[in-house]
>>> print(open('input_36.csv').read())   # CSV, C-alpha atoms
chain,number,residue,atom,x,y,z
A,291,MET,CA,170.9,89.6,104.5
A,292,SER,CA,168.2,87.2,105.7
A,293,ILE,CA,164.5,87.8,105.7
A,294,THR,CA,162.4,86.7,108.7
A,295,LYS,CA,159.2,84.7,108.3
A,296,ASN,CA,157.0,87.7,109.3
A,297,GLU,CA,158.7,90.1,106.9
A,298,ALA,CA,158.3,87.6,104.0
A,299,LEU,CA,154.6,87.2,104.9
A,300,ALA,CA,154.1,91.0,105.0
A,301,ALA,CA,155.9,91.4,101.6
A,302,ALA,CA,153.7,88.7,100.1
A,303,THR,CA,150.5,90.3,101.4
A,304,THR,CA,151.5,93.6,99.9
A,305,ALA,CA,152.4,92.1,96.6
A,306,VAL,CA,149.1,90.2,96.3
A,307,GLY,CA,146.9,93.0,97.5
A,308,GLY,CA,148.9,96.0,96.3
A,309,ALA,CA,146.7,96.5,93.2
A,310,LYS,CA,143.4,96.4,95.1
A,311,PRO,CA,143.5,99.8,96.9
A,312,LYS,CA,144.1,101.5,93.6
A,313,LYS,CA,141.1,99.8,92.0
A,314,ALA,CA,139.0,100.4,95.1
A,315,ARG,CA,139.9,104.1,95.0
A,316,LYS,CA,139.0,104.3,91.3
A,317,GLU,CA,135.6,102.6,91.9
A,318,GLN,CA,135.0,104.8,94.9
A,319,LYS,CA,135.9,107.9,92.9
A,320,GLY,CA,133.5,106.8,90.2
A,321,PHE,CA,130.6,106.3,92.6
A,322,PHE,CA,131.0,109.6,94.3
A,323,GLY,CA,131.5,111.3,91.0
A,324,LEU,CA,128.2,109.8,89.9
A,325,VAL,CA,126.6,111.1,93.1
A,326,ARG,CA,128.0,114.5,92.6
A,327,SER,CA,126.7,114.7,89.1
A,328,VAL,CA,123.3,113.2,89.6
A,329,GLY,CA,122.6,114.2,93.2
A,330,PRO,CA,121.8,117.9,92.6
A,331,ALA,CA,119.5,117.1,89.7
A,332,LEU,CA,117.7,114.5,91.8
A,333,ALA,CA,117.4,116.8,94.7
A,334,VAL,CA,115.9,119.5,92.5
A,335,ALA,CA,113.4,117.0,91.0
A,336,LEU,CA,112.4,115.8,94.5
A,337,GLY,CA,112.1,119.4,95.7
A,338,ILE,CA,109.9,120.4,92.8
A,339,ARG,CA,107.7,117.3,93.4
A,340,ALA,CA,107.5,117.9,97.1
A,341,PHE,CA,106.8,121.7,97.1
A,342,LEU,CA,105.9,122.9,93.7
A,343,PHE,CA,104.3,120.6,91.1
A,344,GLU,CA,103.2,116.9,91.0
A,345,PRO,CA,101.5,114.9,88.3
A,346,PHE,CA,98.3,113.0,89.1
A,347,SER,CA,96.6,110.5,86.8
A,348,ILE,CA,92.8,110.2,86.5
A,349,PRO,CA,91.7,106.6,87.0
A,350,SER,CA,87.9,107.0,87.1
A,351,GLY,CA,85.1,108.9,85.6
A,352,SER,CA,83.9,110.8,88.7
A,353,MET,CA,85.1,114.1,87.3
A,354,LEU,CA,83.7,113.6,83.7
A,355,PRO,CA,83.5,115.5,81.5
A,356,THR,CA,86.0,118.0,83.0
A,357,LEU,CA,88.6,115.3,83.5
A,358,GLN,CA,88.7,112.3,81.2
A,359,ILE,CA,89.9,108.9,82.2
A,360,GLY,CA,93.6,108.8,81.3
A,361,ASP,CA,94.3,112.5,81.8
A,362,TYR,CA,97.4,113.4,83.7
A,363,VAL,CA,97.0,116.8,85.5
A,364,VAL,CA,99.6,119.1,86.8
A,365,VAL,CA,99.0,119.8,90.5
A,366,SER,CA,100.2,123.1,92.0
A,367,LYS,CA,101.3,122.1,95.5
A,368,PHE,CA,102.1,125.7,96.6
A,369,ALA,CA,98.6,127.0,95.6
A,370,TYR,CA,97.4,127.2,99.2
A,371,GLY,CA,100.8,127.2,101.1
A,372,VAL,CA,103.6,124.8,101.9
A,373,ARG,CA,102.8,121.3,103.3
A,374,ILE,CA,105.4,119.2,105.1
A,375,PRO,CA,106.1,116.3,102.6
A,376,PHE,CA,104.5,113.0,103.5
A,377,THR,CA,102.3,114.5,106.2
A,378,ASN,CA,99.0,116.4,106.5
A,379,ARG,CA,100.6,119.3,108.3
A,380,MET,CA,101.1,122.8,106.8
A,381,LEU,CA,104.3,124.8,107.3
A,382,PHE,CA,102.2,127.8,106.5
A,383,GLN,CA,98.8,128.5,104.9
A,384,ALA,CA,99.1,131.1,102.2
A,385,ALA,CA,95.5,130.8,101.0
A,386,THR,CA,92.3,128.7,101.3
A,387,PRO,CA,90.6,126.9,98.4
A,388,MET,CA,88.0,128.9,96.5
A,389,ARG,CA,84.6,127.5,95.4
A,390,GLY,CA,85.1,125.8,92.0
A,391,ASP,CA,88.8,124.8,92.6
A,392,VAL,CA,89.6,121.3,91.6
A,393,ILE,CA,91.8,119.9,94.3
A,394,VAL,CA,93.9,116.7,94.9
A,395,PHE,CA,93.6,115.5,98.5
A,396,GLU,CA,93.9,112.5,100.8
A,397,ARG,CA,90.5,111.0,101.6
A,398,PRO,CA,89.8,111.5,105.4
A,399,THR,CA,89.2,107.8,106.2
A,400,VAL,CA,91.0,105.1,108.1
A,401,GLU,CA,92.5,103.9,104.8
A,402,PRO,CA,93.6,107.1,103.0
A,403,GLU,CA,93.4,107.4,99.2
A,404,THR,CA,94.4,110.2,97.0
A,405,LEU,CA,91.4,111.6,95.1
A,406,ILE,CA,90.5,114.6,92.9
A,407,LYS,CA,87.2,116.5,93.2
A,408,ARG,CA,85.8,120.1,93.0
A,409,VAL,CA,85.4,122.3,96.0
A,410,ILE,CA,81.8,123.2,96.5
A,411,GLY,CA,81.4,124.1,100.2
A,412,LEU,CA,83.6,126.4,102.2
A,413,PRO,CA,84.0,126.6,106.0
A,414,GLY,CA,80.8,127.7,107.7
A,415,GLU,CA,78.6,127.2,104.6
A,416,THR,CA,75.5,125.0,104.3
A,417,ILE,CA,75.3,122.9,101.1
A,418,ALA,CA,72.4,120.9,99.7
A,419,ILE,CA,71.2,119.4,96.4
A,420,VAL,CA,67.5,119.8,95.7
A,421,ASP,CA,66.0,118.2,92.6
A,422,GLY,CA,69.5,118.0,91.1
A,423,VAL,CA,70.2,121.7,91.7
A,424,LEU,CA,73.0,122.7,94.0
A,425,GLN,CA,72.2,125.1,96.8
A,426,VAL,CA,74.8,127.2,98.8
A,427,ASN,CA,73.4,128.7,102.0
A,428,GLY,CA,69.9,128.2,100.6
A,429,GLU,CA,70.6,129.9,97.3
A,430,ALA,CA,70.2,127.8,94.2
A,431,GLN,CA,73.2,127.8,91.9
A,432,PRO,CA,72.1,128.3,88.3
A,433,ARG,CA,72.7,125.5,85.8
A,434,ASP,CA,71.9,125.6,82.1
A,435,LEU,CA,71.2,122.5,80.0
A,436,LEU,CA,73.8,122.3,77.3
A,437,GLU,CA,73.0,118.9,75.7
A,438,LYS,CA,70.5,116.2,76.4
A,439,GLY,CA,71.9,112.7,76.1
A,440,TYR,CA,75.5,113.9,75.8
A,441,GLY,CA,77.6,110.9,74.8
A,442,PHE,CA,81.0,110.1,76.3
A,443,ASP,CA,83.5,107.2,76.9
A,444,ASP,CA,83.5,105.6,80.3
A,445,TYR,CA,85.7,102.8,81.6
A,446,ASP,CA,84.3,99.7,83.4
A,447,GLU,CA,87.0,98.9,86.0
A,448,HIS,CA,85.5,95.5,86.8
A,449,ARG,CA,85.4,94.3,83.2
A,450,ARG,CA,88.4,96.4,82.2
A,451,GLN,CA,86.9,97.7,79.1
A,452,TRP,CA,85.7,100.9,77.6
A,453,ARG,CA,82.0,101.5,77.1
A,454,GLY,CA,79.8,104.2,75.7
A,455,SER,CA,77.5,106.1,78.0
A,456,SER,CA,75.3,109.2,78.0
A,457,ALA,CA,74.1,111.9,80.4
A,458,ASP,CA,72.5,115.3,80.4
A,459,LEU,CA,75.3,117.9,80.2
A,460,TYR,CA,74.8,121.2,82.1
A,461,VAL,CA,76.9,124.3,82.8
A,462,GLU,CA,76.8,125.1,86.5
A,463,ARG,CA,77.6,128.5,87.8
A,464,LEU,CA,78.8,128.9,91.3
A,465,ALA,CA,78.3,132.3,92.9
A,466,GLU,CA,81.5,134.1,93.9
A,467,PRO,CA,82.1,137.7,95.2
A,468,ASP,CA,83.8,138.6,91.9
A,469,GLY,CA,81.2,136.9,89.6
A,470,SER,CA,80.7,133.2,89.1
A,471,HIS,CA,82.7,130.1,88.3
A,472,ARG,CA,81.4,128.1,85.4
A,473,HIS,CA,82.1,124.4,84.9
A,474,PHE,CA,80.4,121.3,83.4
A,475,VAL,CA,78.4,118.9,85.4
A,476,MET,CA,76.5,115.7,84.3
A,477,GLU,CA,73.2,114.2,85.4
A,478,GLN,CA,72.5,110.6,84.6
A,479,ILE,CA,69.8,109.8,87.1
A,480,ARG,CA,66.8,112.1,87.2
A,481,GLY,CA,64.4,112.4,90.1
A,482,LEU,CA,66.8,111.6,92.9
A,483,PRO,CA,65.6,112.7,96.4
A,484,SER,CA,67.1,115.8,97.9
A,485,GLN,CA,70.5,115.5,99.6
A,486,GLY,CA,71.8,117.3,102.6
A,487,PRO,CA,71.8,119.9,104.0
A,488,TRP,CA,75.5,119.6,105.2
A,489,ARG,CA,77.1,122.3,107.2
A,490,VAL,CA,80.8,122.6,106.5
A,491,PRO,CA,82.9,122.8,109.8
A,492,GLU,CA,85.8,125.3,110.2
A,493,GLY,CA,89.0,124.1,108.7
A,494,HIS,CA,87.3,121.8,106.2
A,495,VAL,CA,85.8,121.9,102.7
A,496,LEU,CA,83.0,119.9,101.0
A,497,VAL,CA,83.9,118.4,97.6
A,498,LEU,CA,81.8,116.9,94.8
A,499,GLY,CA,82.5,115.2,91.5
A,500,ASP,CA,81.3,116.8,88.3
A,501,ASN,CA,79.8,113.5,87.3
A,502,ARG,CA,77.3,114.0,90.1
A,503,ASP,CA,75.5,110.7,90.0
A,504,ASN,CA,78.7,108.6,89.8
A,505,SER,CA,81.1,110.1,92.3
A,506,ALA,CA,82.1,109.0,95.8
A,507,ASP,CA,82.8,112.4,97.4
A,508,SER,CA,81.9,114.3,100.6
A,509,ARG,CA,78.5,112.7,100.4
A,510,VAL,CA,80.2,109.4,101.2
A,511,PHE,CA,83.4,110.1,103.2
A,512,GLY,CA,82.6,113.5,104.7
A,513,PHE,CA,84.4,116.9,104.8
A,514,VAL,CA,88.0,117.2,103.8
A,515,PRO,CA,90.4,118.9,106.3
A,516,LEU,CA,92.5,121.7,104.8
A,517,GLY,CA,95.6,119.8,105.9
A,518,ASN,CA,94.7,116.9,103.7
A,519,ILE,CA,94.8,119.0,100.5
A,520,ARG,CA,97.9,118.3,98.4
A,521,GLY,CA,97.3,121.0,95.8
A,522,ARG,CA,95.2,122.5,93.1
A,523,ALA,CA,94.8,121.0,89.6
A,524,ASP,CA,94.9,123.7,86.9
A,525,VAL,CA,96.1,122.0,83.7
A,526,VAL,CA,95.9,118.7,81.8
A,527,GLY,CA,99.5,118.0,81.0
A,528,PHE,CA,99.0,114.8,79.0
A,529,SER,CA,96.1,112.5,78.1
A,530,TRP,CA,95.9,108.9,76.8
A,531,GLY,CA,92.4,107.5,76.1
A,532,LYS,CA,90.7,104.7,74.4
A,533,ASP,CA,92.1,105.6,71.0
A,534,GLY,CA,95.5,106.6,72.2
A,535,LEU,CA,97.0,110.1,72.6
A,536,ARG,CA,94.5,112.9,72.9
A,537,THR,CA,96.5,115.8,71.4
A,538,ASP,CA,93.6,118.3,71.9
A,539,ARG,CA,93.9,117.9,75.7
A,540,ILE,CA,97.7,118.5,76.1
A,541,MET,CA,98.4,121.6,78.3
A,542,ARG,CA,94.7,122.5,78.4
A,543,SER,CA,93.2,124.4,81.3
A,544,LEU,CA,90.6,122.3,83.1
A,545,ASP,CA,87.5,124.5,82.5
A,546,ALA,CA,88.8,126.0,79.2
A,547,LYS,CA,85.9,124.6,77.1
A,548,VAL,CA,83.0,125.9,79.2
A,549,PRO,CA,80.9,128.2,77.0
A,550,GLU,CA,81.1,131.9,77.9
A,551,GLY,CA,77.4,132.5,77.3
A,552,ALA,CA,76.2,129.7,79.5
>>> encode(input="input_36.csv", output="structure tokens")
Amino acid sequence: MSITKNEALAAATTAVGGAKPKKARKEQKGFFGLVRSVGPALAVALGIRAFLFEPFSIPSGSMLPTLQIGDYVVVSKFAYGVRIPFTNRMLFQAATPMRGDVIVFERPTVEPETLIKRVIGLPGETIAIVDGVLQVNGEAQPRDLLEKGYGFDDYDEHRRQWRGSSADLYVERLAEPDGSHRHFVMEQIRGLPSQGPWRVPEGHVLVLGDNRDNSADSRVFGFVPLGNIRGRADVVGFSWGKDGLRTDRIMRSLDAKVPEGA
């Protein structure tokens, strides 16, 4: 029986390429197997980061001494509701920030930047700083001097080196309906002129750094829209400083060391 030219060509093609489909199927099976095994874990991780928790590193000293340079805080993204990922729109608002909360947010400027500061002024309130003392609706918020010339490590971003610094350390008490919120603040420059007053518009908050004289906050970029808030920082998960790992700061609440009696 004779074989035509076309039949011979088809047979040769099958013989040469016959092993490839099997190999291709094996590679394809391996790829989709990897996707099936890794995909769910990756989806869970992305979901946790998008809606539940997110780490945030502290690059500067604007929140000293509450947050040290090199701290990594755990941000609760669901603290105030659910935000559409990668946007400043809320799916629903479960709560609003309280005075004293430390929040991570996007700076409301043309070039956005993710920052972390403390909520001081709530919608409708008037905030001012008079002789270094914070005022909320004309009421001075008490502060107690804890240590004069308190020493701390700061980082010079321009020279890229650590340097020792000092400031007067206070415990500030912010009035709340159920008592007061205590946290550390530092004052490095005495005798500054009064600042404000600022009236916080609806749908916004006013934020300040705890290192009051070295913080670019609402006094610089204005009020923060509620939609710009990415979450609340509650815990330092990990910390790496000038001398390496800071074991005493791992899993520590932000205001855990503020004295009870102050």
>>> closest_atom_pairs(input="input_36.csv", of="stretch 386-453 of chain A", to="stretch 360-367 of chain A", cutoff="10 Å", atoms="only C-alpha atoms", output="JSON lines")
{"residue": "A:Val392", "atom": "CA", "partner": "A:Val365", "partner_atom": "CA", "distance": 9.6}
{"residue": "A:Ile393", "atom": "CA", "partner": "A:Val365", "partner_atom": "CA", "distance": 8.1}
{"residue": "A:Val394", "atom": "CA", "partner": "A:Val365", "partner_atom": "CA", "distance": 7.4}
{"residue": "A:Tyr445", "atom": "CA", "partner": "A:Gly360", "partner_atom": "CA", "distance": 9.9}
>>> residues_near_point(input="input_36.csv", point="(82.2, 115.4, 94.6)", cutoff="10 Å", atoms="only C-alpha atoms", output="PDB file with C-alpha atoms, in the frame of the given file")
ATOM      1  CA  SER A 352      83.900 110.800  88.700  1.00  0.00           C
ATOM      2  CA  MET A 353      85.100 114.100  87.300  1.00  0.00           C
ATOM      3  CA  VAL A 392      89.600 121.300  91.600  1.00  0.00           C
ATOM      4  CA  LEU A 405      91.400 111.600  95.100  1.00  0.00           C
ATOM      5  CA  ILE A 406      90.500 114.600  92.900  1.00  0.00           C
ATOM      6  CA  LYS A 407      87.200 116.500  93.200  1.00  0.00           C
ATOM      7  CA  ARG A 408      85.800 120.100  93.000  1.00  0.00           C
ATOM      8  CA  VAL A 409      85.400 122.300  96.000  1.00  0.00           C
ATOM      9  CA  ILE A 410      81.800 123.200  96.500  1.00  0.00           C
ATOM     10  CA  LEU A 496      83.000 119.900 101.000  1.00  0.00           C
ATOM     11  CA  VAL A 497      83.900 118.400  97.600  1.00  0.00           C
ATOM     12  CA  LEU A 498      81.800 116.900  94.800  1.00  0.00           C
ATOM     13  CA  GLY A 499      82.500 115.200  91.500  1.00  0.00           C
ATOM     14  CA  ASP A 500      81.300 116.800  88.300  1.00  0.00           C
ATOM     15  CA  ASN A 501      79.800 113.500  87.300  1.00  0.00           C
ATOM     16  CA  ARG A 502      77.300 114.000  90.100  1.00  0.00           C
ATOM     17  CA  ASP A 503      75.500 110.700  90.000  1.00  0.00           C
ATOM     18  CA  ASN A 504      78.700 108.600  89.800  1.00  0.00           C
ATOM     19  CA  SER A 505      81.100 110.100  92.300  1.00  0.00           C
ATOM     20  CA  ALA A 506      82.100 109.000  95.800  1.00  0.00           C
ATOM     21  CA  ASP A 507      82.800 112.400  97.400  1.00  0.00           C
ATOM     22  CA  SER A 508      81.900 114.300 100.600  1.00  0.00           C
ATOM     23  CA  ARG A 509      78.500 112.700 100.400  1.00  0.00           C
ATOM     24  CA  VAL A 510      80.200 109.400 101.200  1.00  0.00           C
TER      25      VAL A 510
END
>>> atom_distance(input="input_36.csv", atom1="atom CA of A:Glu447", atom2="atom CA of A:Trp530")
16.2 Å
>>> atom_distance(input="input_36.csv", atom1="atom CA of A:Gly493", atom2="atom CA of A:Pro349")
28.0 Å
>>> atom_distance(input="input_36.csv", atom1="atom CA of A:Val495", atom2="atom CA of A:Val461")
21.9 Å
>>> closest_residue(input="input_36.csv", among="A:Thr356, A:Thr404, A:Ser347, A:Gln425", to="A:Val514", atoms="all atoms listed in the file")
A:Thr404
>>> axis_aligned_box(input="input_36.csv", around="stretch 396-415 of chain A", padding_each_side="5 Å", output="JSON")
{"center_x": 86.5, "center_y": 115.8, "center_z": 100.5, "size_x": 25.8, "size_y": 33.8, "size_z": 25.2}
>>> residues_around(input="input_36.csv", residues="A:Arg433", least_positions_apart="6", cutoff="7 Å", atoms="all atoms listed in the file", output="NGL selection string")
:A and (460-463)
>>> residues_around(input="input_36.csv", residues="A:Thr416", least_positions_apart="2", cutoff="8 Å", atoms="only C-alpha atoms", output="list in words")
Gly411, Gly414, Ala418, Val426, Asn427, Gly428, Pro487, Trp488, Arg489 and Val490 of chain A
>>> residues_near_point(input="input_36.csv", point="(90.9, 113.5, 103.5)", cutoff="6 Å", atoms="all atoms listed in the file", output="list in words")
Glu396, Arg397, Pro398, Val514 and Asn518 of chain A
>>> residues_around(input="input_36.csv", residues="A:Ala546", least_positions_apart="2", cutoff="10 Å", atoms="all atoms listed in the file", output="list in words")
Thr356, Arg472, His473, Val525, Arg542, Ser543, Leu544, Val548, Pro549 and Glu550 of chain A
>>> closest_residue(input="input_36.csv", among="A:Phe513, A:Gly441, A:Glu466, A:Gly527", to="A:Gly454", atoms="all atoms listed in the file")
A:Gly441
>>> decode(input="input_36.csv", residues="stretch 386-406 of chain A", atoms="N, CA, C and O atoms", output="CSV table (one decimal), in the first residue's frame")
chain,number,residue,atom,x,y,z
A,386,THR,N,-16.7,56.9,64.3
A,386,THR,CA,-15.8,58.0,64.0
A,386,THR,C,-14.7,58.0,64.9
A,386,THR,O,-14.8,57.5,66.1
A,387,PRO,N,-13.5,58.6,64.6
A,387,PRO,CA,-12.4,58.6,65.5
A,387,PRO,C,-12.7,59.3,66.8
A,387,PRO,O,-13.5,60.3,66.8
A,388,MET,N,-12.1,58.9,67.8
A,388,MET,CA,-12.2,59.6,69.1
A,388,MET,C,-11.0,60.4,69.4
A,388,MET,O,-9.9,60.1,68.8
A,389,ARG,N,-11.1,61.4,70.2
A,389,ARG,CA,-10.0,62.3,70.5
A,389,ARG,C,-9.0,61.4,71.3
A,389,ARG,O,-9.3,60.7,72.2
A,390,GLY,N,-7.7,61.5,70.8
A,390,GLY,CA,-6.7,60.7,71.4
A,390,GLY,C,-6.3,59.5,70.5
A,390,GLY,O,-5.2,58.9,70.7
A,391,ASP,N,-7.1,59.1,69.6
A,391,ASP,CA,-6.8,58.0,68.7
A,391,ASP,C,-5.6,58.3,67.8
A,391,ASP,O,-5.4,59.5,67.4
A,392,VAL,N,-4.7,57.3,67.6
A,392,VAL,CA,-3.6,57.5,66.7
A,392,VAL,C,-4.0,56.9,65.4
A,392,VAL,O,-4.3,55.7,65.3
A,393,ILE,N,-4.1,57.7,64.3
A,393,ILE,CA,-4.6,57.2,63.0
A,393,ILE,C,-3.5,57.2,61.9
A,393,ILE,O,-2.6,58.0,61.9
A,394,VAL,N,-3.7,56.3,61.0
A,394,VAL,CA,-2.9,56.3,59.7
A,394,VAL,C,-3.9,56.9,58.6
A,394,VAL,O,-5.0,56.4,58.5
A,395,PHE,N,-3.4,57.8,57.8
A,395,PHE,CA,-4.3,58.5,56.9
A,395,PHE,C,-3.4,59.0,55.7
A,395,PHE,O,-2.2,59.0,55.7
A,396,GLU,N,-4.1,59.3,54.6
A,396,GLU,CA,-3.5,59.9,53.5
A,396,GLU,C,-3.6,61.4,53.6
A,396,GLU,O,-4.7,62.0,53.8
A,397,ARG,N,-2.5,62.1,53.5
A,397,ARG,CA,-2.4,63.5,53.6
A,397,ARG,C,-3.3,64.2,52.5
A,397,ARG,O,-3.1,63.8,51.3
A,398,PRO,N,-4.1,65.1,52.9
A,398,PRO,CA,-5.1,65.7,51.9
A,398,PRO,C,-4.4,66.9,51.1
A,398,PRO,O,-4.7,68.0,51.2
A,399,THR,N,-3.4,66.5,50.3
A,399,THR,CA,-2.7,67.4,49.5
A,399,THR,C,-2.7,66.9,48.0
A,399,THR,O,-3.1,65.8,47.8
A,400,VAL,N,-2.2,67.7,47.1
A,400,VAL,CA,-2.1,67.3,45.7
A,400,VAL,C,-1.3,66.1,45.6
A,400,VAL,O,-1.6,65.1,44.8
A,401,GLU,N,-0.2,66.0,46.3
A,401,GLU,CA,0.6,64.8,46.3
A,401,GLU,C,0.4,64.1,47.6
A,401,GLU,O,1.0,64.4,48.6
A,402,PRO,N,-0.5,63.0,47.6
A,402,PRO,CA,-0.8,62.4,48.9
A,402,PRO,C,0.4,61.6,49.4
A,402,PRO,O,1.3,61.2,48.7
A,403,GLU,N,0.4,61.5,50.8
A,403,GLU,CA,1.4,60.8,51.5
A,403,GLU,C,0.8,60.1,52.7
A,403,GLU,O,-0.1,60.7,53.3
A,404,THR,N,1.2,58.9,53.0
A,404,THR,CA,0.6,58.2,54.1
A,404,THR,C,1.3,58.6,55.4
A,404,THR,O,2.6,58.5,55.5
A,405,LEU,N,0.6,59.2,56.4
A,405,LEU,CA,1.1,59.7,57.6
A,405,LEU,C,0.5,59.0,58.8
A,405,LEU,O,-0.6,58.4,58.7
A,406,ILE,N,1.0,59.3,60.0
A,406,ILE,CA,0.4,58.8,61.3
A,406,ILE,C,0.5,59.9,62.3
A,406,ILE,O,1.6,60.5,62.5
